[in-house]
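Q: There's a structure below that I have some questions on.
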Number of protein chains: 2
Amino acid sequence: MVRWEPNARGRLEQAAMELYLDRGFEQTTVAEIAKRAGLTERTFFRHFADKREVLFGGGSALGELLVSRVVEAPEPAGPMDAVAGALEAAGEVLQERGEWARRRQTVIAANPELQERELIKLAAFASELAEALRRRGVAEPAASLCAETGIAVFRIAFVNWVEDADQRDLPQFIRESLDDLRAVTAGT
Amino acid sequence: MVRWEPNARGRLEQAAMELYLDRGFEQTTVAEIAKRAGLTERTFFRHFADKREVLFGGGSALGELLVSRVVEAPEPAGPMDAVAGALEAAGEVLQERGEWARRRQTVIAANPELQERELIKLAAFASELAEALRRRGVAEPAASLCAETGIAVFRIAFVNWVEDADQRDLPQFIRESLDDLRAVTAGT
């Protein structure tokens with residue numbers, strides 16, 4: 001029989017993040033995470049495949065959000081408009097989980113293996129965005145260009161937002177980065 | 001005593017590529033590569049750390065070329081101009097090794113682990129390009145935006161060039177992709 005633990009997932013996330021920040025991701029074990037959360041390892045593995053998934057589990061929801069926003073963008077929107085709207089929507093989600101997103105970024109920045117995983121996740125987002133644009137009838141290479149550069153803009157805006165002392169909001173950073181991209185591209 | 005083998009490196013590259021294409025990268029051993037090249041495993045390891053390095057050994061030279069072209073671009077060049085010039089120079093190098101570059105791409109496309117390695121290599125190129133732009137006095141986020149989107153353009157142009165039946169040249173694909181990027185970005 002499985003005992004129901006109130007907010008087990010949230011407690012495990014919280015405990016894992018504290019340990020990753022205190023000791024480093026590498027040095028933290030699942031046993032320690034479970035103990036700190038007052039739960040068993042078995043409960044941990046009901047929620048996460050491994051300790052890395054605590055950091056990357058939210059990725060598929062974000063990917064789905066990006067795709068649905070591109071697919072559902074109003075018809076007259078150009079491909080870069082559709083991507084911009086999707087990125088801002090994703091930015092709002094991360095903004096709401098601001099403290100988590102910032103701490104997660106700190107953990108990832110300290111570990112090359114996690115950086116690689118993040119890179120691979122973002123590349124998957126770009127592929128999914130390009131596919132969503134093609135479903136809107138956008139031809140190649142425009143679909144891939146919008147998707148890949150959109151994700152690059154998103155990543156740069158995100159890092160700047162994390163480092164921002166004034167705590168301006170993430171969708172604003174994304175809009176500014178898109179404006180910057182337009183300016184440097186036009187300057188060629 | 002080390003026996004000198006005429007063009008050992010080239011023979012090993014050739015043998016490795018044939019085996020990777022015939023049997024797959026995973027299924028090929030260093031012993032088989034050496035044997036097919038008529039050389040010993042010891043000779044292989046004098047030239048390459050492992051069988052993956054046969055595919056990625058040229059990466060640092062390409063990275064250095066990109067950086068030097070950005071650093072040495074004439075003073076009035078804007079950041080995206082400087083990046084465009086560097087990408088075209090890299091495109092010319094790959095163009096000269098056209099058959100190798102196409103076969104390498106086929107091997108990488110068939111293997112997720114190699115795709116990840118390629119992604120990490122391209123991200124390193126983007127970091128190096130951004131650093132070279134900052135040395136030219138380009139501020140952030142413009143430096144990172146130009147570097148990251150430049151590498152995205154390069155990758156898309158490269159894949160289109162590989163798939164192109166007409167065998168138009170790679171620098172041309174790169175110029176067209178930059179034009180496309182400008183068009184989609186301006187359309188926002």
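Please note that chains go A, B, ... in the order of the structure tokens, that every chain numbers its residues from 1, and that ligands are numbered from 1 in the order shown.
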Name the residues in contact with stretch 145-159 of chain A at a cut-off of 7 Å, using only C-alpha atoms, excluding same-chain residues fewer than 5 positions from it; report them as a PDB file with C-alpha atoms, in the first residue's frame.

A:
ATOM      1  CA  PRO A  79       6.861  33.301 -37.727  1.00  0.00           C
ATOM      2  CA  MET A  80       9.060  35.477 -35.509  1.00  0.00           C
ATOM      3  CA  VAL A  83       7.889  32.535 -31.607  1.00  0.00           C
ATOM      4  CA  LEU A  87       8.818  32.747 -25.537  1.00  0.00           C
ATOM      5  CA  LEU A 122      17.066  23.758 -25.355  1.00  0.00           C
ATOM      6  CA  ALA A 126      14.173  24.558 -30.912  1.00  0.00           C
ATOM      7  CA  LEU A 129       9.318  25.085 -32.244  1.00  0.00           C
ATOM      8  CA  ALA A 130      10.516  24.612 -35.829  1.00  0.00           C
ATOM      9  CA  LEU A 170      11.630  38.021 -17.551  1.00  0.00           C
ATOM     10  CA  PHE A 173      14.036  40.858 -20.859  1.00  0.00           C
ATOM     11  CA  ILE A 174      12.833  38.614 -23.678  1.00  0.00           C
ATOM     12  CA  SER A 177      16.561  40.800 -26.409  1.00  0.00           C
ATOM     13  CA  LEU A 178      14.339  40.379 -29.463  1.00  0.00           C
TER      14      LEU A 178
ATOM     15  CA  LEU B 145      23.136  37.537 -29.500  1.00  0.00           C
ATOM     16  CA  GLU B 148      24.613  32.540 -30.762  1.00  0.00           C
ATOM     17  CA  THR B 149      22.413  33.449 -33.690  1.00  0.00           C
ATOM     18  CA  ALA B 152      22.505  28.858 -35.386  1.00  0.00           C
ATOM     19  CA  VAL B 153      22.620  30.288 -38.922  1.00  0.00           C
ATOM     20  CA  LEU B 181      17.480  35.743 -40.711  1.00  0.00           C
TER      21      LEU B 181
END

Q: Select, from B:Val107, B:Leu62, B:Ala90, B:Ala84, the residue with the minimum atom-to-atom distance to chain A, counting only C-alpha atoms.

A: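 When distances to chain A are compared using only C-alpha atoms, the smallest one comes from B:Ala84.
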
Q: As JSON, numbers by chain, list the residues of stretch 1-186 of chain A assigned to alpha helix (DSSP H) by DSSP on the backbone atoms of this structure.

A: {"A": [8, 9, 10, 11, 12, 13, 14, 15, 16, 17, 18, 19, 20, 21, 22, 23, 30, 31, 32, 33, 34, 35, 36, 37, 41, 42, 43, 44, 45, 46, 47, 53, 54, 55, 56, 59, 60, 61, 62, 63, 64, 65, 66, 67, 68, 69, 70, 71, 72, 79, 80, 81, 82, 83, 84, 85, 86, 87, 88, 89, 90, 91, 92, 93, 94, 95, 96, 98, 99, 100, 101, 102, 103, 104, 105, 106, 107, 108, 109, 112, 113, 114, 115, 116, 117, 118, 119, 120, 121, 122, 123, 124, 125, 126, 127, 128, 129, 130, 131, 132, 133, 134, 135, 142, 143, 144, 145, 146, 147, 148, 149, 150, 151, 152, 153, 154, 155, 156, 157, 158, 159, 160, 161, 162, 163, 170, 171, 172, 173, 174, 175, 176, 177, 178, 179, 180, 181, 182, 183, 184, 185, 186]}

Q: For stretch 94-106 of chain A, list every protein, DNA or RNA residue within 6 Å, evaluated using only C-alpha atoms, and leave out those in the same chain fewer than 3 positions away; present the list as number ranges by chain.

A: A: 91, 109, 162, 170

Q: Measuring between only C-alpha atoms, which one of B:Lys35, B:Arg69, B:Arg9, B:Arg42 shows the shortest distance to B:Leu133?

A: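 Among the listed residues, the smallest separation from B:Leu133 belongs to B:Arg69.
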
Q: Which distance in Å separates atom CA of B:Ala139 and atom CA of B:Val70, to one decimal?

A: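 Value for the atom CA of B:Ala139-atom CA of B:Val70 distance: 14.6 Å.
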
Q: As number ranges by chain, please: the residues near A:Pro74 (cut-off 12 Å, only C-alpha atoms, same-chain neighbours under 6 positions excluded).

A: A: 68, 81-83, 85-86, 136

Q: Using Å and a single decimal, report how far atom CA of B:Gly137 sits from atom CA of B:Glu64.

A: 19.1 Å

Q: Hey, which of B:Phe44, B:Tyr20, B:Trp161, B:Phe25 ends up closest to chain A? Count only C-alpha atoms.

A: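 Smallest distance to chain A is found for B:Trp161.
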
Q: Which is closer to B:Glu128 than all the others in B:Ala89, B:Ala15, B:Ala143, B:Ala8, using only C-alpha atoms?

A: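 Distance minimum relative to B:Glu128 lands on B:Ala143.
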
Q: For chain A, which residue out of B:Lys121, B:Arg168, B:Arg46, B:Arg135 is the nearest one, using only C-alpha atoms?

A: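 Residue with the minimum atom-to-atom distance to chain A: B:Lys121.
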
Q: Separation of atom CA of B:Val67 and atom CA of B:Val93, in Å?

A: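 According to the coordinates, atom CA of B:Val67 and atom CA of B:Val93 are separated by 14.3 Å.
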